[in-house]
file model_13.cif (mmCIF, C-alpha atoms and all ligand atoms)
data_work
loop_
_atom_site.label_atom_id
_atom_site.label_comp_id
_atom_site.auth_asym_id
_atom_site.auth_seq_id
_atom_site.Cartn_x
_atom_site.Cartn_y
_atom_site.Cartn_z
CA MET A 830 -22.59 -2.83 4.75
CA THR A 831 -20.07 -5.35 6.15
CA GLN A 832 -19.57 -5.23 9.92
CA ILE A 833 -15.95 -5.13 11.09
CA ASN A 834 -16.99 -5.69 14.70
CA GLY A 835 -15.97 -9.15 15.92
CA LYS A 836 -14.05 -10.05 12.75
CA TYR A 837 -10.63 -11.76 12.95
CA LEU A 838 -8.04 -9.86 11.01
CA LEU A 839 -4.43 -10.44 9.96
CA LEU A 840 -2.49 -7.25 9.21
CA THR A 841 1.06 -7.40 7.85
CA GLY A 842 3.42 -4.46 8.36
CA GLY A 843 1.93 -3.97 11.81
CA SER A 844 5.10 -2.82 13.61
CA ARG A 845 5.52 0.71 12.23
CA GLY A 846 4.53 3.19 9.54
CA ILE A 847 0.88 3.18 8.46
CA GLY A 848 0.19 -0.36 9.72
CA PRO A 849 -0.38 0.73 13.34
CA VAL A 850 -2.69 3.54 12.16
CA ILE A 851 -4.75 1.04 10.14
CA ALA A 852 -4.78 -1.33 13.14
CA ASP A 853 -6.02 1.44 15.42
CA ALA A 854 -8.88 2.32 13.05
CA LEU A 855 -9.95 -1.33 12.81
CA ALA A 856 -9.62 -2.05 16.55
CA ARG A 857 -11.86 0.97 17.19
CA ARG A 858 -14.49 -0.82 15.10
CA GLY A 859 -14.15 -3.97 17.17
CA ALA A 860 -11.82 -6.19 15.11
CA HIS A 861 -9.57 -8.80 16.73
CA ILE A 862 -6.17 -8.22 15.18
CA ALA A 863 -3.08 -10.33 14.50
CA LEU A 864 -0.16 -7.99 13.81
CA ALA A 865 2.72 -9.38 11.75
CA ALA A 866 6.19 -7.95 11.02
CA ARG A 867 9.83 -8.82 11.77
CA SER A 868 10.35 -6.57 14.78
CA GLN A 869 8.85 -8.13 17.91
CA GLU A 870 9.70 -4.94 19.79
CA GLY A 871 7.73 -2.83 17.30
CA LEU A 872 4.81 -5.26 17.40
CA ASN A 873 4.74 -5.20 21.20
CA ARG A 874 4.63 -1.42 21.21
CA VAL A 875 1.70 -1.36 18.79
CA ALA A 876 -0.12 -4.17 20.61
CA GLU A 877 0.23 -2.20 23.86
CA SER A 878 -1.34 0.87 22.25
CA LEU A 879 -4.32 -1.26 21.15
CA ARG A 880 -5.01 -2.88 24.54
CA LYS A 881 -7.46 -0.09 25.44
CA PHE A 882 -9.93 -1.44 22.88
CA GLU A 883 -10.22 -4.73 24.75
CA MET A 884 -10.15 -6.79 21.57
CA GLN A 885 -7.90 -9.83 21.10
CA ILE A 886 -4.50 -8.70 19.88
CA LEU A 887 -1.93 -11.20 18.69
CA THR A 888 1.62 -10.47 17.53
CA VAL A 889 3.60 -12.74 15.22
CA SER A 890 7.21 -12.02 14.34
CA VAL A 891 7.75 -13.12 10.73
CA ASP A 892 10.06 -12.43 7.81
CA LEU A 893 7.65 -12.30 4.88
CA ALA A 894 10.51 -12.76 2.42
CA LYS A 895 10.76 -16.37 3.63
CA PRO A 896 8.13 -18.83 2.36
CA ALA A 897 8.34 -21.13 5.40
CA GLU A 898 7.71 -18.19 7.75
CA ARG A 899 4.70 -17.06 5.69
CA ARG A 900 3.13 -20.50 6.08
CA LYS A 901 3.92 -20.52 9.80
CA LEU A 902 2.28 -17.09 10.17
CA VAL A 903 -1.03 -18.26 8.72
CA SER A 904 -1.09 -21.51 10.68
CA THR A 905 -0.25 -19.68 13.94
CA VAL A 906 -3.03 -17.13 13.47
CA LEU A 907 -5.56 -19.78 12.44
CA GLU A 908 -4.61 -21.85 15.44
CA LYS A 909 -4.87 -18.96 17.92
CA PHE A 910 -7.86 -17.10 16.43
CA GLY A 911 -9.65 -20.00 14.76
CA ALA A 912 -10.33 -17.83 11.71
CA ILE A 913 -8.97 -15.12 9.44
CA ASP A 914 -11.91 -13.11 8.11
CA ILE A 915 -9.90 -10.20 6.77
CA LEU A 916 -6.33 -10.20 5.45
CA ILE A 917 -4.62 -6.85 4.98
CA ASN A 918 -1.44 -7.10 2.91
CA ASN A 919 0.26 -3.92 4.03
CA ALA A 920 3.95 -4.81 4.57
CA GLY A 921 6.19 -3.37 1.89
CA LEU A 922 9.72 -2.36 0.94
CA GLU A 923 10.64 0.55 -1.30
CA SER A 924 14.12 -0.50 -2.65
CA GLU A 925 14.88 2.83 -4.32
CA GLY A 926 17.91 3.38 -6.51
CA ALA A 927 19.20 3.03 -10.06
CA TYR A 928 18.22 -0.46 -11.26
CA LEU A 929 21.74 -1.72 -11.90
CA ASP A 930 23.05 -0.23 -8.66
CA LEU A 931 20.71 -2.43 -6.63
CA PRO A 932 21.99 -5.86 -5.64
CA TRP A 933 19.83 -8.56 -7.23
CA GLU A 934 19.10 -9.83 -3.73
CA THR A 935 17.40 -6.50 -2.89
CA ILE A 936 15.25 -6.67 -6.01
CA ARG A 937 14.26 -10.25 -5.24
CA GLU A 938 13.44 -9.39 -1.62
CA THR A 939 11.22 -6.51 -2.77
CA LEU A 940 9.32 -8.90 -5.03
CA GLU A 941 8.99 -11.42 -2.19
CA VAL A 942 7.66 -8.96 0.39
CA ASN A 943 5.53 -6.69 -1.82
CA LEU A 944 4.06 -9.21 -4.24
CA ILE A 945 4.76 -12.88 -3.55
CA ALA A 946 3.96 -12.70 0.18
CA PRO A 947 0.48 -11.17 -0.42
CA MET A 948 -0.14 -13.81 -3.11
CA GLU A 949 0.94 -16.68 -0.86
CA LEU A 950 -0.85 -15.43 2.27
CA THR A 951 -4.01 -15.14 0.17
CA TYR A 952 -3.42 -18.64 -1.25
CA LEU A 953 -3.23 -19.94 2.31
CA VAL A 954 -6.26 -18.12 3.78
CA LEU A 955 -8.56 -18.39 0.75
CA PRO A 956 -9.69 -22.00 1.35
CA HIS A 957 -10.92 -21.01 4.83
CA MET A 958 -12.70 -17.95 3.51
CA LEU A 959 -14.30 -19.88 0.66
CA GLU A 960 -15.50 -22.51 3.08
CA LYS A 961 -17.16 -19.83 5.21
CA LYS A 962 -18.39 -18.06 2.04
CA MET A 963 -17.04 -14.86 3.55
CA GLY A 964 -13.77 -12.96 3.59
CA HIS A 965 -12.00 -9.82 2.49
CA ILE A 966 -8.47 -9.36 1.15
CA VAL A 967 -7.21 -5.77 1.26
CA ASN A 968 -3.98 -4.90 -0.54
CA ILE A 969 -2.07 -1.71 0.09
CA ALA A 970 -0.65 -0.89 -3.34
CA SER A 971 0.42 2.63 -4.31
CA VAL A 972 -0.14 5.26 -6.96
CA ALA A 973 3.16 3.82 -8.28
CA ALA A 974 1.05 0.86 -9.47
CA LYS A 975 -0.42 3.18 -12.07
CA CYS A 976 2.77 4.93 -13.06
CA GLY A 977 6.27 3.51 -12.97
CA GLY A 978 9.13 5.90 -12.45
CA PRO A 979 12.92 5.98 -12.50
CA TYR A 980 14.73 4.75 -9.39
CA ALA A 981 11.55 2.97 -8.26
CA ALA A 982 10.92 0.62 -11.17
CA THR A 983 10.93 -2.55 -9.09
CA TYR A 984 8.64 -1.04 -6.47
CA ALA A 985 6.19 0.06 -9.19
CA ALA A 986 6.34 -3.39 -10.78
CA THR A 987 5.37 -5.06 -7.49
CA LYS A 988 2.51 -2.66 -6.86
CA ALA A 989 1.17 -2.89 -10.43
CA GLY A 990 1.40 -6.67 -10.18
CA LEU A 991 -0.42 -6.64 -6.85
CA ALA A 992 -3.26 -4.53 -8.23
CA GLU A 993 -3.81 -6.58 -11.39
CA TRP A 994 -3.49 -9.89 -9.56
CA ALA A 995 -6.17 -8.72 -7.09
CA TYR A 996 -8.41 -7.54 -9.92
CA GLY A 997 -8.13 -10.90 -11.65
CA LEU A 998 -8.97 -12.78 -8.46
CA HIS A 999 -11.88 -10.45 -7.79
CA LEU A 1000 -13.34 -11.46 -11.17
CA GLU A 1001 -12.54 -15.13 -10.64
CA LEU A 1002 -14.15 -15.27 -7.19
CA GLU A 1003 -17.17 -13.06 -7.76
CA ASN A 1004 -20.23 -14.43 -5.95
CA THR A 1005 -18.18 -16.60 -3.59
CA GLY A 1006 -18.46 -14.14 -0.69
CA VAL A 1007 -14.74 -13.36 -0.81
CA ARG A 1008 -14.01 -9.74 -1.66
CA PHE A 1009 -10.97 -7.80 -2.77
CA SER A 1010 -9.98 -4.18 -2.29
CA THR A 1011 -6.85 -2.44 -3.48
CA ILE A 1012 -5.83 0.86 -1.92
CA PHE A 1013 -3.61 3.20 -3.96
CA PRO A 1014 -2.14 5.82 -1.61
CA GLY A 1015 -0.03 8.69 -2.91
CA TYR A 1016 2.88 9.87 -0.77
CA ILE A 1017 1.88 9.46 2.85
CA THR A 1018 2.84 12.22 5.29
CA GLU A 1019 3.72 11.92 9.03
CA VAL A 1020 4.77 8.25 9.18
CA GLY A 1021 6.06 5.55 6.88
CA MET A 1022 8.65 4.97 4.20
CA PHE A 1023 8.22 8.33 2.48
CA ALA A 1024 7.81 10.53 5.57
CA ARG A 1025 11.11 9.12 6.92
CA PHE A 1026 12.98 11.03 4.19
CA GLY A 1027 11.71 14.30 5.62
CA VAL A 1028 10.87 15.84 2.26
CA THR A 1029 7.70 17.49 1.08
CA PRO A 1030 6.26 16.02 -2.11
CA PRO A 1031 5.70 18.52 -4.93
CA ARG A 1032 2.08 19.73 -4.93
CA SER A 1033 1.47 18.35 -8.39
CA VAL A 1034 2.23 14.84 -7.10
CA GLY A 1035 -0.09 15.17 -4.13
CA SER A 1036 -0.06 13.44 -0.75
CA CYS A 1037 -2.32 11.96 1.90
CA THR A 1038 -2.30 11.36 5.64
CA PRO A 1039 -2.06 7.98 7.41
CA ALA A 1040 -5.54 8.62 8.82
CA GLN A 1041 -6.93 8.98 5.29
CA VAL A 1042 -5.34 5.67 4.29
CA ALA A 1043 -6.74 3.94 7.40
CA ASN A 1044 -10.15 5.43 6.73
CA ALA A 1045 -9.98 4.20 3.13
CA VAL A 1046 -9.26 0.66 4.38
CA VAL A 1047 -12.21 0.77 6.79
CA LYS A 1048 -14.59 2.12 4.13
CA ALA A 1049 -13.33 -0.37 1.53
CA ILE A 1050 -14.18 -3.25 3.87
CA GLU A 1051 -17.51 -1.82 5.00
CA HIS A 1052 -18.68 -0.87 1.51
CA ASN A 1053 -16.84 -3.51 -0.52
CA SER A 1054 -14.93 -1.06 -2.72
CA LEU A 1055 -12.66 -2.58 -5.32
CA ASP A 1056 -10.12 0.20 -6.00
CA VAL A 1057 -9.58 3.25 -3.80
CA VAL A 1058 -7.13 6.03 -4.68
CA VAL A 1059 -6.07 8.07 -1.65
CA ASN A 1060 -4.42 11.30 -2.67
CA SER A 1061 -5.08 15.01 -2.83
CA PHE A 1062 -6.81 16.77 -5.69
CA PRO A 1063 -6.06 16.89 -8.62
CA THR A 1064 -3.75 13.85 -8.69
CA ARG A 1065 -6.52 11.61 -7.40
CA VAL A 1066 -8.64 12.50 -10.43
CA PHE A 1067 -5.78 11.89 -12.84
CA VAL A 1068 -4.99 8.53 -11.28
CA HIS A 1069 -8.65 7.50 -11.49
CA SER A 1070 -8.85 8.56 -15.11
CA GLY A 1071 -5.69 6.65 -16.00
CA ASN A 1072 -3.76 9.83 -16.74
CA CYS A 1073 -1.48 10.04 -13.76
CA HIS A 1074 1.65 10.04 -15.91
CA LEU A 1075 0.83 13.59 -16.85
CA LEU A 1076 0.93 15.03 -13.35
CA LEU A 1077 3.57 12.71 -12.00
CA GLU A 1078 5.98 13.33 -14.82
CA SER A 1079 5.35 17.03 -14.69
CA GLY A 1080 6.06 17.35 -11.00
CA CYS A 1081 8.55 14.77 -9.99
CA ILE A 1082 9.14 11.55 -11.79
CA ARG A 1083 11.26 13.00 -14.58
CA HIS A 1084 13.61 14.10 -11.83
CA PRO A 1085 15.39 11.84 -9.38
CA ALA A 1086 12.92 10.30 -6.98
CA PRO A 1087 12.31 12.54 -3.96
CA TRP A 1088 14.04 10.16 -1.57
CA SER A 1089 17.26 10.02 -3.58
CA SER A 1090 20.35 12.04 -2.73
CA ASN A 1091 18.99 14.90 -4.83
CA ALA A 1092 15.82 15.04 -2.80
CA ARG A 1093 16.47 18.28 -1.02
CA LYS A 1094 17.59 19.92 -4.22
CA LEU A 1095 14.44 18.81 -5.97
CA VAL A 1096 12.11 19.98 -3.26
CA CYS A 1097 13.93 23.32 -2.91
CA SER A 1098 13.73 23.75 -6.66
CA VAL A 1099 10.02 23.13 -6.63
CA ARG A 1100 9.55 25.58 -3.81
CA LYS A 1101 11.58 28.26 -5.60
CA ARG A 1102 9.61 27.52 -8.77
CA GLU A 1103 12.82 26.74 -10.62
CA ILE A 1104 11.08 23.74 -12.07
CA CYS A 1105 8.65 24.97 -14.68
CA CYS A 1106 4.95 24.62 -14.09
CA PRO A 1107 3.26 21.27 -14.74
CA ILE A 1108 1.86 22.33 -18.10
CA GLN A 1109 5.27 23.43 -19.38
CA ARG A 1110 6.81 20.16 -18.30
CA ALA A 1111 3.88 18.31 -19.81
CA ALA A 1112 4.72 20.01 -23.09
CA ASP A 1113 8.37 19.00 -22.65
CA VAL A 1114 7.42 15.38 -22.37
CA GLY A 1115 4.79 15.44 -25.08
CA TYR A 1116 1.72 15.18 -22.92
CA ILE A 1117 -0.05 18.35 -24.07
CA PRO A 1118 -2.17 16.49 -26.65
CA ARG A 1119 -3.24 13.98 -24.01
CA PHE A 1120 -3.99 16.79 -21.55
CA ARG A 1121 -6.15 18.57 -24.11
CA ALA A 1122 -7.93 15.39 -25.02
CA LEU A 1123 -8.79 14.81 -21.38
CA PHE A 1124 -10.52 18.16 -20.99
CA LEU A 1125 -12.18 18.19 -24.42
CA ALA A 1126 -13.56 14.69 -24.00
N1 LIG B 1 4.58 5.64 2.93
C1 LIG B 1 4.14 5.95 1.73
O1 LIG B 1 4.29 7.10 1.27
C2 LIG B 1 3.41 4.92 0.93
C3 LIG B 1 2.75 5.33 -0.25
C4 LIG B 1 2.06 4.39 -1.00
C5 LIG B 1 2.01 3.07 -0.58
N2 LIG B 1 2.67 2.70 0.56
C6 LIG B 1 2.59 1.29 0.96
O2 LIG B 1 2.07 1.21 2.26
C7 LIG B 1 2.58 0.03 2.91
C8 LIG B 1 3.14 0.40 4.27
O3 LIG B 1 4.18 1.33 4.05
P1 LIG B 1 4.81 2.20 5.22
O4 LIG B 1 5.02 3.55 4.66
O5 LIG B 1 4.05 2.04 6.47
O6 LIG B 1 6.24 1.48 5.32
P2 LIG B 1 7.24 1.31 6.55
O7 LIG B 1 7.07 2.40 7.53
O8 LIG B 1 8.57 1.09 5.93
O9 LIG B 1 6.72 -0.03 7.23
C9 LIG B 1 6.81 -1.23 6.51
C10 LIG B 1 6.19 -2.34 7.32
O10 LIG B 1 6.41 -3.58 6.62
C11 LIG B 1 7.11 -4.47 7.49
N3 LIG B 1 8.05 -5.28 6.73
C12 LIG B 1 9.01 -4.86 5.87
N4 LIG B 1 9.72 -5.90 5.41
C13 LIG B 1 9.21 -7.02 6.00
C14 LIG B 1 9.53 -8.40 5.95
N5 LIG B 1 10.55 -8.87 5.22
N6 LIG B 1 8.80 -9.24 6.70
C15 LIG B 1 7.80 -8.80 7.47
N7 LIG B 1 7.43 -7.51 7.55
C16 LIG B 1 8.14 -6.63 6.84
C17 LIG B 1 7.86 -3.58 8.48
O11 LIG B 1 8.08 -4.23 9.70
P3 LIG B 1 9.51 -4.80 10.21
O12 LIG B 1 10.59 -3.91 9.71
O13 LIG B 1 9.34 -4.84 11.69
O14 LIG B 1 9.58 -6.16 9.61
C18 LIG B 1 6.83 -2.46 8.69
O15 LIG B 1 5.89 -2.85 9.65
C19 LIG B 1 3.62 -0.54 1.98
O16 LIG B 1 3.08 -1.61 1.24
C20 LIG B 1 3.95 0.61 1.04
O17 LIG B 1 4.40 0.16 -0.21
C21 LIG B 1 3.35 3.58 1.33
#

call {"tool": "encode", "arguments": {"input": "model_13.cif", "output": "structure tokens"}}
result
Amino acid sequence: MTQINGKYLLLTGGSRGIGPVIADALARRGAHIALAARSQEGLNRVAESLRKFEMQILTVSVDLAKPAERRKLVSTVLEKFGAIDILINNAGLESEGAYLDLPWETIRETLEVNLIAPMELTYLVLPHMLEKKMGHIVNIASVAAKCGGPYAATYAATKAGLAEWAYGLHLELENTGVRFSTIFPGYITEVGMFARFGVTPPRSVGSCTPAQVANAVVKAIEHNSLDVVVNSFPTRVFVHSGNCHLLLESGCIRHPAPWSSNARKLVCSVRKREICCPIQRAADVGYIPRFRALFLA
């Protein structure tokens, strides 16, 4: 089991959402943490809440969409901490909307923050980790990595890219001491980009709490887990088995994404059972044969 105690950690997306919850869980286990995000005010607030753990806490204001700032972030943390043992690529943007309604700049920024920044930060910290023959890169992907959907195609592309890139590097760097974990949360309740919309995800899509995500990160580091899906039953099982399209399409994805302007209508419809049950919708979209095959196999 890998000890988190005393490790130097860089966490992006540390100013709000699930980042602070992940930081709290890791500080409790004795990690020194560099928190990165754009909002210095948000970072200060989170850093203040972590002071009680008496670990070293560093804040770095950075726009991860900008390559020069990414490089500055890594050099600043290496200079102040002397090491980065664990990198957690958590910062992300959701950029929801019909593809052609989104300005190209928004699509490009989503790619920069969700995919290119994790790749470049890893590129910059890897030489140090390889030299020490020790390190861990944790990527916060999403169930969307396994199942693209309308109005979130770019987001899904970045998360799928992140997951497969990490898997490739994991294979490439096996036996070097550098490890990779990818976390696939479903909709996260209480805080973060989904909770801000104030809607309840349909049951068939599932959800998870920020504490469950933070716990998954801790366990992934301690036990060197490669892929961890964090979601309620049964979606978790479907995602693991590569069949998440079935449940996601049945419950939500065929409809406008829950954070779109139709969100309330969708959620009310689900609550009033106006949307037919998952199996009926599965039949609508031709998934019944796949569903049967899954249970007969
Ligand atoms: N919430 C969910 O339901 C859910 C589900 C699955 C996966 N995820 C993933 O979990 C991660 C965290 O999501 P969240 O829900 O906590 O989101 P959030 O509440 O929107 O927080 C996003 C974090 O990323 C930072 N960030 C955004 N753009 C940045 C930029 N250009 N440069 C530097 N930092 C930037 C934000 O800080 P500043 O604004 O201060 O820069 C903030 O700290 C994301 O990767 C997301 O895709 C979330």

call {"tool": "residues_around", "arguments": {"input": "model_13.cif", "residues": "range 835-842 of chain A", "least_positions_apart": "3", "cutoff": "9 Å", "atoms": "all atoms listed in the file", "output": "PDB file with C-alpha atoms, in the frame of the given file"}}
result
ATOM      1  CA  GLN A 832     -19.570  -5.230   9.920  1.00  0.00           C
ATOM      2  CA  ARG A 845       5.520   0.710  12.230  1.00  0.00           C
ATOM      3  CA  GLY A 846       4.530   3.190   9.540  1.00  0.00           C
ATOM      4  CA  ILE A 847       0.880   3.180   8.460  1.00  0.00           C
ATOM      5  CA  GLY A 848       0.190  -0.360   9.720  1.00  0.00           C
ATOM      6  CA  PRO A 849      -0.380   0.730  13.340  1.00  0.00           C
ATOM      7  CA  ILE A 851      -4.750   1.040  10.140  1.00  0.00           C
ATOM      8  CA  ALA A 852      -4.780  -1.330  13.140  1.00  0.00           C
ATOM      9  CA  LEU A 855      -9.950  -1.330  12.810  1.00  0.00           C
ATOM     10  CA  ARG A 858     -14.490  -0.820  15.100  1.00  0.00           C
ATOM     11  CA  GLY A 859     -14.150  -3.970  17.170  1.00  0.00           C
ATOM     12  CA  ALA A 860     -11.820  -6.190  15.110  1.00  0.00           C
ATOM     13  CA  HIS A 861      -9.570  -8.800  16.730  1.00  0.00           C
ATOM     14  CA  ILE A 862      -6.170  -8.220  15.180  1.00  0.00           C
ATOM     15  CA  ALA A 863      -3.080 -10.330  14.500  1.00  0.00           C
ATOM     16  CA  LEU A 864      -0.160  -7.990  13.810  1.00  0.00           C
ATOM     17  CA  ALA A 865       2.720  -9.380  11.750  1.00  0.00           C
ATOM     18  CA  ALA A 866       6.190  -7.950  11.020  1.00  0.00           C
ATOM     19  CA  ARG A 867       9.830  -8.820  11.770  1.00  0.00           C
ATOM     20  CA  MET A 884     -10.150  -6.790  21.570  1.00  0.00           C
ATOM     21  CA  GLN A 885      -7.900  -9.830  21.100  1.00  0.00           C
ATOM     22  CA  LEU A 893       7.650 -12.300   4.880  1.00  0.00           C
ATOM     23  CA  VAL A 903      -1.030 -18.260   8.720  1.00  0.00           C
ATOM     24  CA  VAL A 906      -3.030 -17.130  13.470  1.00  0.00           C
ATOM     25  CA  PHE A 910      -7.860 -17.100  16.430  1.00  0.00           C
ATOM     26  CA  GLY A 911      -9.650 -20.000  14.760  1.00  0.00           C
ATOM     27  CA  ALA A 912     -10.330 -17.830  11.710  1.00  0.00           C
ATOM     28  CA  ILE A 913      -8.970 -15.120   9.440  1.00  0.00           C
ATOM     29  CA  ASP A 914     -11.910 -13.110   8.110  1.00  0.00           C
ATOM     30  CA  ILE A 915      -9.900 -10.200   6.770  1.00  0.00           C
ATOM     31  CA  LEU A 916      -6.330 -10.200   5.450  1.00  0.00           C
ATOM     32  CA  ILE A 917      -4.620  -6.850   4.980  1.00  0.00           C
ATOM     33  CA  ASN A 918      -1.440  -7.100   2.910  1.00  0.00           C
ATOM     34  CA  ASN A 919       0.260  -3.920   4.030  1.00  0.00           C
ATOM     35  CA  ALA A 920       3.950  -4.810   4.570  1.00  0.00           C
ATOM     36  CA  GLY A 921       6.190  -3.370   1.890  1.00  0.00           C
TER      37      GLY A 921
END

call {"tool": "residues_around", "arguments": {"input": "model_13.cif", "residues": "Ala982 in chain A", "least_positions_apart": "6", "cutoff": "12 Å", "atoms": "only C-alpha atoms", "output": "compact mmCIF listing (two decimals) with C-alpha atoms, keeping the file's coordinate frame"}}
result
# COMPACT_ATOMS: atom_id res chain seq x y z
CA GLU A 923 10.64 0.55 -1.30
CA SER A 924 14.12 -0.50 -2.65
CA GLU A 925 14.88 2.83 -4.32
CA GLY A 926 17.91 3.38 -6.51
CA ALA A 927 19.20 3.03 -10.06
CA TYR A 928 18.22 -0.46 -11.26
CA LEU A 929 21.74 -1.72 -11.90
CA LEU A 931 20.71 -2.43 -6.63
CA ILE A 936 15.25 -6.67 -6.01
CA THR A 939 11.22 -6.51 -2.77
CA LEU A 940 9.32 -8.90 -5.03
CA ALA A 973 3.16 3.82 -8.28
CA ALA A 974 1.05 0.86 -9.47
CA LYS A 975 -0.42 3.18 -12.07
CA CYS A 976 2.77 4.93 -13.06
CA LYS A 988 2.51 -2.66 -6.86
CA ALA A 989 1.17 -2.89 -10.43
CA ILE A 1082 9.14 11.55 -11.79
CA ALA A 1086 12.92 10.30 -6.98

call {"tool": "residues_near_point", "arguments": {"input": "model_13.cif", "point": "(0.4, -1.2, 19.6)", "cutoff": "10 Å", "atoms": "all atoms listed in the file", "output": "PDB file with C-alpha atoms, keeping the file's coordinate frame"}}
result
ATOM      1  CA  GLY A 843       1.930  -3.970  11.810  1.00  0.00           C
ATOM      2  CA  SER A 844       5.100  -2.820  13.610  1.00  0.00           C
ATOM      3  CA  ARG A 845       5.520   0.710  12.230  1.00  0.00           C
ATOM      4  CA  GLY A 848       0.190  -0.360   9.720  1.00  0.00           C
ATOM      5  CA  PRO A 849      -0.380   0.730  13.340  1.00  0.00           C
ATOM      6  CA  VAL A 850      -2.690   3.540  12.160  1.00  0.00           C
ATOM      7  CA  ALA A 852      -4.780  -1.330  13.140  1.00  0.00           C
ATOM      8  CA  ASP A 853      -6.020   1.440  15.420  1.00  0.00           C
ATOM      9  CA  LEU A 864      -0.160  -7.990  13.810  1.00  0.00           C
ATOM     10  CA  GLY A 871       7.730  -2.830  17.300  1.00  0.00           C
ATOM     11  CA  LEU A 872       4.810  -5.260  17.400  1.00  0.00           C
ATOM     12  CA  ASN A 873       4.740  -5.200  21.200  1.00  0.00           C
ATOM     13  CA  ARG A 874       4.630  -1.420  21.210  1.00  0.00           C
ATOM     14  CA  VAL A 875       1.700  -1.360  18.790  1.00  0.00           C
ATOM     15  CA  ALA A 876      -0.120  -4.170  20.610  1.00  0.00           C
ATOM     16  CA  GLU A 877       0.230  -2.200  23.860  1.00  0.00           C
ATOM     17  CA  SER A 878      -1.340   0.870  22.250  1.00  0.00           C
ATOM     18  CA  LEU A 879      -4.320  -1.260  21.150  1.00  0.00           C
ATOM     19  CA  ARG A 880      -5.010  -2.880  24.540  1.00  0.00           C
ATOM     20  CA  LYS A 881      -7.460  -0.090  25.440  1.00  0.00           C
ATOM     21  CA  ILE A 886      -4.500  -8.700  19.880  1.00  0.00           C
ATOM     22  CA  THR A 888       1.620 -10.470  17.530  1.00  0.00           C
TER      23      THR A 888
END

call {"tool": "closest_residue", "arguments": {"input": "model_13.cif", "among": "A:Ala1049, A:Met958, A:Leu907, A:Ile1017", "to": "ligand LIG 1 (chain B)", "atoms": "all atoms listed in the file"}}
result
A:Ile1017

call {"tool": "axis_aligned_box", "arguments": {"input": "model_13.cif", "around": "ligand LIG 1 (chain B)", "padding_each_side": "4 Å", "output": "lines of an AutoDock Vina configuration file"}}
result
center_x = 6.3
center_y = -1.1
center_z = 5.3
size_x = 16.6
size_y = 24.3
size_z = 20.7

call {"tool": "atom_distance", "arguments": {"input": "model_13.cif", "atom1": "CA of Thr1038 in chain A", "atom2": "CA of Val891 in chain A"}}
result
26.9 Å

call {"tool": "closest_residue", "arguments": {"input": "model_13.cif", "among": "A:Glu993, A:Glu941, A:Asp930, A:Glu960", "to": "ligand LIG 1 (chain B)", "atoms": "all atoms listed in the file"}}
result
A:Glu941

call {"tool": "closest_residue", "arguments": {"input": "model_13.cif", "among": "A:Glu870, A:Glu949, A:Asp892, A:Glu934", "to": "ligand LIG 1 (chain B)", "atoms": "all atoms listed in the file"}}
result
A:Asp892

call {"tool": "atom_distance", "arguments": {"input": "model_13.cif", "atom1": "atom O10 of ligand LIG 1 (chain B)", "atom2": "CA of Gly1015 in chain A"}}
result
16.8 Å

call {"tool": "closest_residue", "arguments": {"input": "model_13.cif", "among": "A:Gly1027, A:Gly997, A:Gly1006, A:Pro979", "to": "ligand LIG 1 (chain B)", "atoms": "all atoms listed in the file"}}
result
A:Gly1027

call {"tool": "residues_around", "arguments": {"input": "model_13.cif", "residues": "Phe1009 in chain A", "least_positions_apart": "5", "cutoff": "6 Å", "atoms": "all atoms listed in the file", "output": "VMD selection string"}}
result
chain A and resid 965 to 967 999

call {"tool": "closest_residue", "arguments": {"input": "model_13.cif", "among": "A:Thr1005, A:Val1047, A:Tyr984, A:Ser1061", "to": "Thr1018 in chain A", "atoms": "all atoms listed in the file"}}
result
A:Ser1061

call {"tool": "atom_distance", "arguments": {"input": "model_13.cif", "atom1": "CA of Ala1045 in chain A", "atom2": "atom P1 of ligand LIG 1 (chain B)"}}
result
15.1 Å
